[in-house]
>>> print(open('my_file-v7.csv').read())   # CSV, C-alpha atoms
chain,number,residue,atom,x,y,z
A,244,MET,CA,0.0,0.0,0.0
A,245,ALA,CA,3.1,2.3,0.0
A,246,ASP,CA,2.3,3.5,-3.5
A,247,MET,CA,-1.3,4.4,-2.5
A,248,ALA,CA,0.1,6.2,0.6
A,249,ASP,CA,2.2,8.4,-1.7
A,250,ARG,CA,-0.8,9.2,-3.9
A,251,LEU,CA,-2.4,10.6,-0.8
A,252,ASN,CA,0.5,12.1,1.1
A,253,LEU,CA,2.1,14.0,-1.8
A,254,PRO,CA,-1.1,15.8,-3.0
A,255,LEU,CA,-1.7,16.8,0.7
A,256,LEU,CA,1.7,18.4,0.9
A,257,ASP,CA,1.2,20.1,-2.5
A,258,ALA,CA,-2.2,21.5,-1.4
A,259,CYS,CA,-0.5,22.8,1.8
A,260,GLY,CA,2.3,24.4,-0.3
A,261,VAL,CA,5.1,22.7,1.7
A,262,MET,CA,8.5,24.1,0.5
A,263,PRO,CA,12.2,23.6,1.4
A,264,GLY,CA,13.2,25.4,4.5
A,265,GLU,CA,9.8,25.6,6.1
A,266,ALA,CA,8.6,24.6,9.6
A,267,VAL,CA,5.7,22.1,9.3
A,268,LEU,CA,3.4,20.7,12.0
A,269,ASP,CA,1.6,17.4,11.2
A,270,LEU,CA,-1.5,16.8,13.3
A,271,ALA,CA,-2.7,13.3,14.2
A,272,SER,CA,0.6,12.0,12.8
A,273,GLY,CA,-0.1,8.4,13.8
A,274,ALA,CA,2.5,6.1,12.4
A,275,GLY,CA,4.4,9.0,10.9
A,276,GLU,CA,2.8,10.2,7.6
A,277,PRO,CA,2.8,12.6,6.1
A,278,ALA,CA,5.4,14.0,8.6
A,279,LEU,CA,8.1,11.8,7.1
A,280,SER,CA,7.3,12.8,3.5
A,281,ALA,CA,7.2,16.4,4.6
A,282,ALA,CA,10.7,16.1,6.2
A,283,LYS,CA,12.0,15.0,2.8
A,284,ARG,CA,10.5,18.0,1.2
A,285,VAL,CA,11.6,20.7,3.6
A,286,GLY,CA,15.1,19.3,3.7
A,287,PRO,CA,17.9,20.2,6.2
A,288,GLY,CA,16.9,23.8,6.3
A,289,GLY,CA,13.4,23.1,7.5
A,290,SER,CA,11.8,21.2,10.3
A,291,VAL,CA,8.8,18.9,10.9
A,292,HIS,CA,7.0,18.2,14.1
A,293,GLY,CA,4.4,15.5,14.3
A,294,VAL,CA,1.9,15.2,17.2
A,295,ASP,CA,-0.6,12.5,18.1
A,296,LEU,CA,-2.8,11.9,21.1
A,297,VAL,CA,-2.0,8.2,21.2
A,298,GLU,CA,1.5,7.4,22.5
A,299,ALA,CA,1.5,3.9,21.1
A,300,MET,CA,0.9,5.2,17.6
A,301,LEU,CA,3.8,7.6,17.8
A,302,ALA,CA,6.1,4.8,18.9
A,303,GLY,CA,5.9,3.4,15.4
A,304,ALA,CA,6.6,6.9,13.9
A,305,ILE,CA,9.6,7.4,16.1
A,306,ARG,CA,10.9,3.9,15.1
A,307,ARG,CA,10.5,4.8,11.4
A,308,ALA,CA,12.3,8.1,12.0
A,309,THR,CA,15.4,6.4,13.2
A,310,ALA,CA,16.0,5.1,9.7
A,311,PHE,CA,15.3,8.4,8.0
A,312,ASP,CA,17.9,9.7,5.6
A,313,GLY,CA,18.4,13.3,6.7
A,314,PRO,CA,17.1,15.4,9.7
A,315,PRO,CA,14.1,13.3,10.9
A,316,PRO,CA,10.8,14.8,12.1
A,317,LEU,CA,10.3,15.2,15.9
A,318,PHE,CA,7.2,13.5,17.4
A,319,THR,CA,5.4,14.6,20.5
A,320,VAL,CA,2.3,13.2,22.3
A,321,ALA,CA,-0.2,16.1,22.2
A,322,ASP,CA,-3.8,17.1,22.0
A,323,MET,CA,-4.8,18.8,18.8
A,324,THR,CA,-7.1,21.1,20.8
A,325,ALA,CA,-4.3,22.2,23.2
A,326,LEU,CA,-1.0,22.3,21.2
A,327,PRO,CA,2.2,22.7,23.2
A,328,PHE,CA,3.7,25.3,20.8
A,329,GLU,CA,4.1,29.1,20.9
A,330,ASP,CA,2.0,31.3,18.7
A,331,GLY,CA,3.2,31.6,15.1
A,332,SER,CA,5.6,28.6,15.3
A,333,PHE,CA,4.8,27.0,11.9
A,334,ASP,CA,4.6,27.9,8.2
A,335,ARG,CA,2.4,24.9,7.3
A,336,VAL,CA,0.0,22.6,9.2
A,337,THR,CA,-1.0,19.2,7.7
A,338,CYS,CA,-3.5,16.6,8.9
A,339,ARG,CA,-4.2,13.4,7.2
A,340,PHE,CA,-7.4,11.6,8.3
A,341,GLY,CA,-7.3,12.9,11.8
A,342,ILE,CA,-9.7,15.9,12.2
A,343,MET,CA,-12.8,13.7,11.8
A,344,PHE,CA,-12.1,12.1,15.2
A,345,VAL,CA,-11.7,15.4,17.2
A,346,PRO,CA,-14.8,16.0,19.3
A,347,ASP,CA,-14.2,19.8,19.3
A,348,THR,CA,-13.3,20.7,15.7
A,349,LYS,CA,-13.5,24.4,16.4
A,350,ALA,CA,-11.0,24.2,19.2
A,351,CYS,CA,-8.7,22.2,16.9
A,352,LEU,CA,-8.9,24.8,14.2
A,353,ALA,CA,-8.4,27.7,16.6
A,354,GLU,CA,-5.2,26.0,17.8
A,355,THR,CA,-4.2,25.5,14.2
A,356,VAL,CA,-4.6,29.2,13.5
A,357,ARG,CA,-2.8,30.2,16.7
A,358,VAL,CA,0.4,28.3,15.9
A,359,MET,CA,0.6,29.3,12.3
A,360,ARG,CA,2.6,32.3,11.0
A,361,SER,CA,1.1,35.1,8.9
A,362,HIS,CA,0.5,33.9,5.3
A,363,GLY,CA,0.9,30.3,6.5
A,364,LYS,CA,-1.3,27.5,5.2
A,365,ALA,CA,-3.1,24.5,6.6
A,366,ALA,CA,-4.5,21.4,4.7
A,367,PHE,CA,-6.7,18.7,6.0
A,368,MET,CA,-7.4,15.4,4.3
A,369,VAL,CA,-10.7,13.6,5.1
A,370,TRP,CA,-12.6,10.7,3.6
A,371,GLY,CA,-15.3,11.1,1.0
A,372,PRO,CA,-18.5,9.0,1.2
A,373,LEU,CA,-18.3,5.4,2.4
A,374,ALA,CA,-19.8,4.1,-0.8
A,375,ASP,CA,-16.8,5.5,-2.8
A,376,ASN,CA,-14.2,3.7,-0.7
A,377,THR,CA,-14.0,0.0,-1.5
A,378,LEU,CA,-11.8,-1.0,1.4
A,379,PHE,CA,-14.2,0.4,4.0
A,380,THR,CA,-17.4,-0.7,2.2
A,381,GLU,CA,-16.3,-4.3,1.9
A,382,LEU,CA,-15.0,-4.5,5.5
A,383,ASP,CA,-18.2,-3.0,6.9
A,384,GLN,CA,-20.4,-5.4,4.9
A,385,ALA,CA,-18.3,-8.4,6.0
A,386,VAL,CA,-18.4,-7.5,9.7
A,387,THR,CA,-22.1,-6.8,9.5
A,388,GLU,CA,-22.7,-10.2,7.9
A,389,VAL,CA,-21.2,-12.0,10.9
A,390,LEU,CA,-22.1,-9.6,13.8
A,391,GLY,CA,-25.2,-7.8,12.6
A,392,GLU,CA,-25.7,-4.1,12.4
A,393,ASP,CA,-23.6,-2.0,14.7
A,394,PRO,CA,-25.8,-0.2,17.2
A,395,ASN,CA,-23.0,2.3,17.9
A,396,HIS,CA,-22.2,3.0,14.2
A,397,ALA,CA,-18.5,2.9,15.1
A,398,ILE,CA,-17.2,3.8,11.6
A,399,ASP,CA,-19.5,6.9,11.1
A,400,PRO,CA,-16.8,9.4,12.4
A,401,LEU,CA,-14.6,8.5,9.4
A,402,PHE,CA,-17.2,10.1,7.1
A,403,ARG,CA,-18.1,13.1,9.3
A,404,PHE,CA,-16.8,15.5,6.6
A,405,ASP,CA,-17.6,13.4,3.5
A,406,GLN,CA,-19.8,16.1,1.9
A,407,PRO,CA,-18.4,19.1,0.0
A,408,GLY,CA,-18.4,22.4,2.0
A,409,VAL,CA,-18.8,21.0,5.5
A,410,LEU,CA,-15.2,21.3,6.6
A,411,ALA,CA,-14.5,24.2,4.4
A,412,SER,CA,-17.1,26.3,6.2
A,413,LEU,CA,-15.4,25.5,9.5
A,414,LEU,CA,-12.0,26.6,8.2
A,415,GLU,CA,-13.6,29.9,7.1
A,416,GLU,CA,-15.2,30.4,10.4
A,417,ALA,CA,-11.9,29.8,12.1
A,418,GLY,CA,-10.4,32.8,10.2
A,419,LEU,CA,-8.7,31.1,7.3
A,420,ARG,CA,-8.9,32.7,3.8
A,421,ASN,CA,-8.9,31.4,0.2
A,422,VAL,CA,-10.3,28.1,1.4
A,423,THR,CA,-10.4,25.5,-1.3
A,424,GLU,CA,-11.2,21.8,-1.6
A,425,GLN,CA,-10.4,19.1,-4.0
A,426,SER,CA,-11.3,15.4,-4.5
A,427,LEU,CA,-8.8,12.6,-5.0
A,428,ARG,CA,-10.2,9.4,-6.6
A,429,PRO,CA,-7.2,7.0,-6.9
A,430,THR,CA,-7.4,3.3,-7.3
A,431,ALA,CA,-5.0,0.9,-5.7
A,432,ARG,CA,-4.5,-2.5,-7.2
A,433,VAL,CA,-3.4,-5.0,-4.6
A,434,PRO,CA,-2.8,-8.8,-4.7
A,435,LEU,CA,-5.7,-10.7,-3.4
A,436,ASP,CA,-3.5,-13.1,-1.5
A,437,LYS,CA,-2.0,-10.4,0.7
A,438,PRO,CA,-3.8,-9.4,3.9
A,439,PHE,CA,-3.9,-5.7,2.9
A,440,TRP,CA,-7.2,-5.3,4.8
A,441,ARG,CA,-6.1,-6.6,8.2
A,442,ALA,CA,-4.8,-3.3,9.7
A,443,SER,CA,-7.9,-1.4,8.7
A,444,LEU,CA,-10.1,-4.2,10.1
A,445,ASP,CA,-8.3,-4.2,13.4
A,446,MET,CA,-8.3,-0.4,13.8
A,447,LEU,CA,-11.8,0.4,12.6
A,448,PHE,CA,-13.7,-2.5,14.2
A,449,ALA,CA,-11.6,-3.0,17.4
A,450,PRO,CA,-14.5,-2.6,19.9
A,451,ARG,CA,-16.7,-5.0,18.0
A,452,LEU,CA,-14.0,-7.5,17.5
A,453,ALA,CA,-13.0,-7.4,21.2
A,454,SER,CA,-16.6,-8.1,22.3
A,455,ALA,CA,-17.4,-10.7,19.6
A,456,PRO,CA,-18.1,-14.3,20.7
A,457,GLU,CA,-15.2,-16.7,20.4
A,458,GLY,CA,-14.8,-18.0,16.9
A,459,ASP,CA,-16.4,-15.0,15.2
A,460,ARG,CA,-13.0,-13.5,14.3
A,461,GLU,CA,-12.3,-16.5,12.1
A,462,ARG,CA,-15.8,-16.1,10.5
A,463,ILE,CA,-15.2,-12.4,9.9
A,464,ASN,CA,-11.8,-13.1,8.3
A,465,ALA,CA,-13.4,-15.6,6.0
A,466,ALA,CA,-16.2,-13.2,5.2
A,467,VAL,CA,-13.7,-10.4,4.4
A,468,ALA,CA,-11.7,-12.7,2.1
A,469,SER,CA,-14.9,-13.7,0.3
A,470,HIS,CA,-16.0,-10.1,-0.2
A,471,PHE,CA,-12.7,-9.1,-1.7
A,472,SER,CA,-12.6,-12.2,-3.9
A,473,GLY,CA,-15.9,-11.0,-5.2
A,474,VAL,CA,-14.4,-7.7,-6.5
A,475,ALA,CA,-11.0,-9.1,-7.6
A,476,VAL,CA,-10.1,-9.7,-11.2
A,477,GLU,CA,-7.4,-12.3,-12.0
A,478,GLY,CA,-6.1,-12.3,-8.4
A,479,VAL,CA,-5.9,-8.5,-8.2
A,480,CYS,CA,-8.3,-6.4,-6.0
A,481,PRO,CA,-9.0,-2.9,-7.2
A,482,LEU,CA,-9.5,-0.6,-4.2
A,483,HIS,CA,-11.3,2.7,-5.2
A,484,LEU,CA,-10.7,5.5,-2.8
A,485,HIS,CA,-12.3,8.9,-2.4
A,486,ALA,CA,-10.6,11.5,-0.2
A,487,ARG,CA,-11.0,15.3,0.1
A,488,ILE,CA,-8.3,17.9,0.8
A,489,VAL,CA,-9.6,21.1,2.3
A,490,SER,CA,-7.0,23.9,2.7
A,491,GLY,CA,-7.0,27.5,3.8
A,492,GLU,CA,-4.5,30.4,4.3
A,493,MET,CA,-3.7,32.7,7.1
A,494,PRO,CA,-4.4,36.4,6.4
>>> encode(input="my_file-v7.csv", output="structure tokens")
Amino acid sequence: MADMADRLNLPLLDACGVMPGEAVLDLASGAGEPALSAAKRVGPGGSVHGVDLVEAMLAGAIRRATAFDGPPPLFTVADMTALPFEDGSFDRVTCRFGIMFVPDTKACLAETVRVMRSHGKAAFMVWGPLADNTLFTELDQAVTEVLGEDPNHAIDPLFRFDQPGVLASLLEEAGLRNVTEQSLRPTARVPLDKPFWRASLDMLFAPRLASAPEGDRERINAAVASHFSGVAVEGVCPLHLHARIVSGEMP
């Protein structure tokens, strides 16, 4: 999935206008992207700082950074709604698939604006509709087949900003200008015999899997494999994705 990751990370950095020598903050950095990609772009004259609320996620990012060729990003456990940085610390702020999970979006955007320099820029990547994303659609259907409908609708937050204009209006309300949004519709083609879906299944459906009766995990794995077999062609599974990038500039 590395090629697909680049097809998401690089357009996000482009939309944010990340250039050599700049200071970049990556929110909800998770396992380290797009912070690591940003560090390659800003070079030795710039800096990248990634933050995430989950310490265990950043452990993976820190491990990946040790093998980085050049000045690596720094990673800090931090809340996106209470950032541990001084006003005007960064030229650019990126966030890939993180803002959907923040309960107080306005507080997050207020902090984003606070830590950015004049004429800085922020860019947020969010998912488009569930129906446009093969990986999530097939996983959701497979889990529902085995466990039934989810009364808690656990995956709904992923698609909180799936409609045009929803997040853009919040950026404008936060004081950002020249707000734009674009859609990305790439397709990954992955070998059916590789467990490309396992990490997403474990992350998105963790509460349901943890409470499922013994033996249901094997049934779910079988259902997932069956679903992806149904969309595969000659052993290759096409995964259609739909993401949105919403960006805005500081006055």
>>> residues_around(input="my_file-v7.csv", residues="A:Gly275", least_positions_apart="3", cutoff="8 Å", atoms="only C-alpha atoms", output="list in words")
Ser272, Ala278, Leu279, Gly293, Leu301, Gly303, Ala304, Ile305 and Arg307 of chain A
>>> residues_around(input="my_file-v7.csv", residues="stretch 337-354 of chain A", least_positions_apart="5", cutoff="8 Å", atoms="all atoms listed in the file", output="ChimeraX atom specification")
/A:252,255-256,259,267-272,276-277,323-326,365-370,400-404,413-414,417
>>> closest_residue(input="my_file-v7.csv", among="A:Ser443, A:Ser412, A:Thr423, A:Thr355", to="A:Asp383", atoms="only C-alpha atoms")
A:Ser443
>>> atom_distance(input="my_file-v7.csv", atom1="atom CA of A:Glu415", atom2="atom CA of A:Ala282")
28.0 Å
>>> atom_distance(input="my_file-v7.csv", atom1="atom CA of A:Arg420", atom2="atom CA of A:Gly289")
24.6 Å
>>> closest_residue(input="my_file-v7.csv", among="A:Arg487, A:His292, A:Arg451, A:Lys364", to="A:His396", atoms="only C-alpha atoms")
A:Arg451
>>> residues_around(input="my_file-v7.csv", residues="A:Thr387", least_positions_apart="5", cutoff="12 Å", atoms="only C-alpha atoms", output="PyMOL selection string")
chain A and resi 380-382+392-394+396-398+448+451-452+455+459+462-463+466-467+470
>>> build_atoms(input="my_file-v7.csv", residues="stretch 445-456 of chain A", atoms="all heavy atoms", output="PDB file, in the frame of the given file")
ATOM      1  N   ASP A 445      -8.612  -4.232  12.011  1.00  0.00           N
ATOM      2  CA  ASP A 445      -8.300  -4.200  13.400  1.00  0.00           C
ATOM      3  C   ASP A 445      -8.501  -2.813  14.040  1.00  0.00           C
ATOM      4  O   ASP A 445      -8.937  -2.695  15.190  1.00  0.00           O
ATOM      5  CB  ASP A 445      -6.808  -4.602  13.634  1.00  0.00           C
ATOM      6  CG  ASP A 445      -6.583  -6.078  13.356  1.00  0.00           C
ATOM      7  OD1 ASP A 445      -7.575  -6.832  13.332  1.00  0.00           O
ATOM      8  OD2 ASP A 445      -5.420  -6.475  13.144  1.00  0.00           O
ATOM      9  N   MET A 446      -8.195  -1.753  13.277  1.00  0.00           N
ATOM     10  CA  MET A 446      -8.300  -0.400  13.800  1.00  0.00           C
ATOM     11  C   MET A 446      -9.782   0.069  13.848  1.00  0.00           C
ATOM     12  O   MET A 446     -10.261   0.592  14.856  1.00  0.00           O
ATOM     13  CB  MET A 446      -7.483   0.589  13.002  1.00  0.00           C
ATOM     14  CG  MET A 446      -5.996   0.474  13.267  1.00  0.00           C
ATOM     15  SD  MET A 446      -5.051   1.806  12.494  1.00  0.00           S
ATOM     16  CE  MET A 446      -5.267   1.429  10.755  1.00  0.00           C
ATOM     17  N   LEU A 447     -10.487  -0.141  12.740  1.00  0.00           N
ATOM     18  CA  LEU A 447     -11.800   0.400  12.600  1.00  0.00           C
ATOM     19  C   LEU A 447     -12.872  -0.337  13.421  1.00  0.00           C
ATOM     20  O   LEU A 447     -13.845   0.250  13.897  1.00  0.00           O
ATOM     21  CB  LEU A 447     -12.248   0.455  11.148  1.00  0.00           C
ATOM     22  CG  LEU A 447     -11.395   1.312  10.221  1.00  0.00           C
ATOM     23  CD1 LEU A 447     -11.913   1.211   8.797  1.00  0.00           C
ATOM     24  CD2 LEU A 447     -11.375   2.763  10.679  1.00  0.00           C
ATOM     25  N   PHE A 448     -12.654  -1.628  13.579  1.00  0.00           N
ATOM     26  CA  PHE A 448     -13.700  -2.500  14.200  1.00  0.00           C
ATOM     27  C   PHE A 448     -13.194  -3.056  15.531  1.00  0.00           C
ATOM     28  O   PHE A 448     -13.750  -4.055  15.995  1.00  0.00           O
ATOM     29  CB  PHE A 448     -14.122  -3.558  13.252  1.00  0.00           C
ATOM     30  CG  PHE A 448     -14.731  -3.033  11.980  1.00  0.00           C
ATOM     31  CD1 PHE A 448     -13.953  -2.823  10.852  1.00  0.00           C
ATOM     32  CD2 PHE A 448     -16.079  -2.708  11.915  1.00  0.00           C
ATOM     33  CE1 PHE A 448     -14.504  -2.323   9.682  1.00  0.00           C
ATOM     34  CE2 PHE A 448     -16.641  -2.216  10.752  1.00  0.00           C
ATOM     35  CZ  PHE A 448     -15.859  -2.023   9.629  1.00  0.00           C
ATOM     36  N   ALA A 449     -12.182  -2.465  16.133  1.00  0.00           N
ATOM     37  CA  ALA A 449     -11.600  -3.000  17.400  1.00  0.00           C
ATOM     38  C   ALA A 449     -12.620  -3.287  18.461  1.00  0.00           C
ATOM     39  O   ALA A 449     -12.627  -4.379  19.043  1.00  0.00           O
ATOM     40  CB  ALA A 449     -10.481  -2.103  17.863  1.00  0.00           C
ATOM     41  N   PRO A 450     -13.509  -2.332  18.800  1.00  0.00           N
ATOM     42  CA  PRO A 450     -14.500  -2.600  19.900  1.00  0.00           C
ATOM     43  C   PRO A 450     -15.390  -3.784  19.566  1.00  0.00           C
ATOM     44  O   PRO A 450     -15.683  -4.617  20.436  1.00  0.00           O
ATOM     45  CB  PRO A 450     -15.261  -1.295  19.989  1.00  0.00           C
ATOM     46  CG  PRO A 450     -14.367  -0.257  19.410  1.00  0.00           C
ATOM     47  CD  PRO A 450     -13.638  -0.952  18.316  1.00  0.00           C
ATOM     48  N   ARG A 451     -15.849  -3.881  18.326  1.00  0.00           N
ATOM     49  CA  ARG A 451     -16.700  -5.000  18.000  1.00  0.00           C
ATOM     50  C   ARG A 451     -16.000  -6.309  17.975  1.00  0.00           C
ATOM     51  O   ARG A 451     -16.537  -7.329  18.421  1.00  0.00           O
ATOM     52  CB  ARG A 451     -17.333  -4.746  16.559  1.00  0.00           C
ATOM     53  CG  ARG A 451     -18.152  -3.477  16.427  1.00  0.00           C
ATOM     54  CD  ARG A 451     -19.190  -3.607  15.331  1.00  0.00           C
ATOM     55  NE  ARG A 451     -20.334  -4.412  15.786  1.00  0.00           N
ATOM     56  CZ  ARG A 451     -21.245  -4.932  14.977  1.00  0.00           C
ATOM     57  NH1 ARG A 451     -21.139  -4.780  13.677  1.00  0.00           N
ATOM     58  NH2 ARG A 451     -22.250  -5.615  15.449  1.00  0.00           N
ATOM     59  N   LEU A 452     -14.767  -6.310  17.497  1.00  0.00           N
ATOM     60  CA  LEU A 452     -14.000  -7.500  17.500  1.00  0.00           C
ATOM     61  C   LEU A 452     -13.689  -8.012  18.903  1.00  0.00           C
ATOM     62  O   LEU A 452     -13.710  -9.211  19.192  1.00  0.00           O
ATOM     63  CB  LEU A 452     -12.697  -7.342  16.700  1.00  0.00           C
ATOM     64  CG  LEU A 452     -12.835  -7.024  15.210  1.00  0.00           C
ATOM     65  CD1 LEU A 452     -11.469  -6.769  14.605  1.00  0.00           C
ATOM     66  CD2 LEU A 452     -13.546  -8.144  14.479  1.00  0.00           C
ATOM     67  N   ALA A 453     -13.403  -7.058  19.782  1.00  0.00           N
ATOM     68  CA  ALA A 453     -13.000  -7.400  21.200  1.00  0.00           C
ATOM     69  C   ALA A 453     -14.212  -8.049  21.901  1.00  0.00           C
ATOM     70  O   ALA A 453     -14.016  -8.907  22.771  1.00  0.00           O
ATOM     71  CB  ALA A 453     -12.551  -6.177  21.905  1.00  0.00           C
ATOM     72  N   SER A 454     -15.429  -7.617  21.576  1.00  0.00           N
ATOM     73  CA  SER A 454     -16.600  -8.100  22.300  1.00  0.00           C
ATOM     74  C   SER A 454     -17.312  -9.264  21.565  1.00  0.00           C
ATOM     75  O   SER A 454     -18.317  -9.787  22.047  1.00  0.00           O
ATOM     76  CB  SER A 454     -17.606  -6.981  22.529  1.00  0.00           C
ATOM     77  OG  SER A 454     -18.050  -6.440  21.295  1.00  0.00           O
ATOM     78  N   ALA A 455     -16.791  -9.638  20.411  1.00  0.00           N
ATOM     79  CA  ALA A 455     -17.400 -10.700  19.600  1.00  0.00           C
ATOM     80  C   ALA A 455     -17.251 -12.053  20.288  1.00  0.00           C
ATOM     81  O   ALA A 455     -16.228 -12.304  20.932  1.00  0.00           O
ATOM     82  CB  ALA A 455     -16.868 -10.720  18.214  1.00  0.00           C
ATOM     83  N   PRO A 456     -18.224 -12.953  20.150  1.00  0.00           N
ATOM     84  CA  PRO A 456     -18.100 -14.300  20.700  1.00  0.00           C
ATOM     85  C   PRO A 456     -16.887 -15.037  20.116  1.00  0.00           C
ATOM     86  O   PRO A 456     -16.440 -14.752  18.997  1.00  0.00           O
ATOM     87  CB  PRO A 456     -19.399 -14.985  20.279  1.00  0.00           C
ATOM     88  CG  PRO A 456     -20.351 -13.865  20.039  1.00  0.00           C
ATOM     89  CD  PRO A 456     -19.529 -12.724  19.512  1.00  0.00           C
TER      90      PRO A 456
END
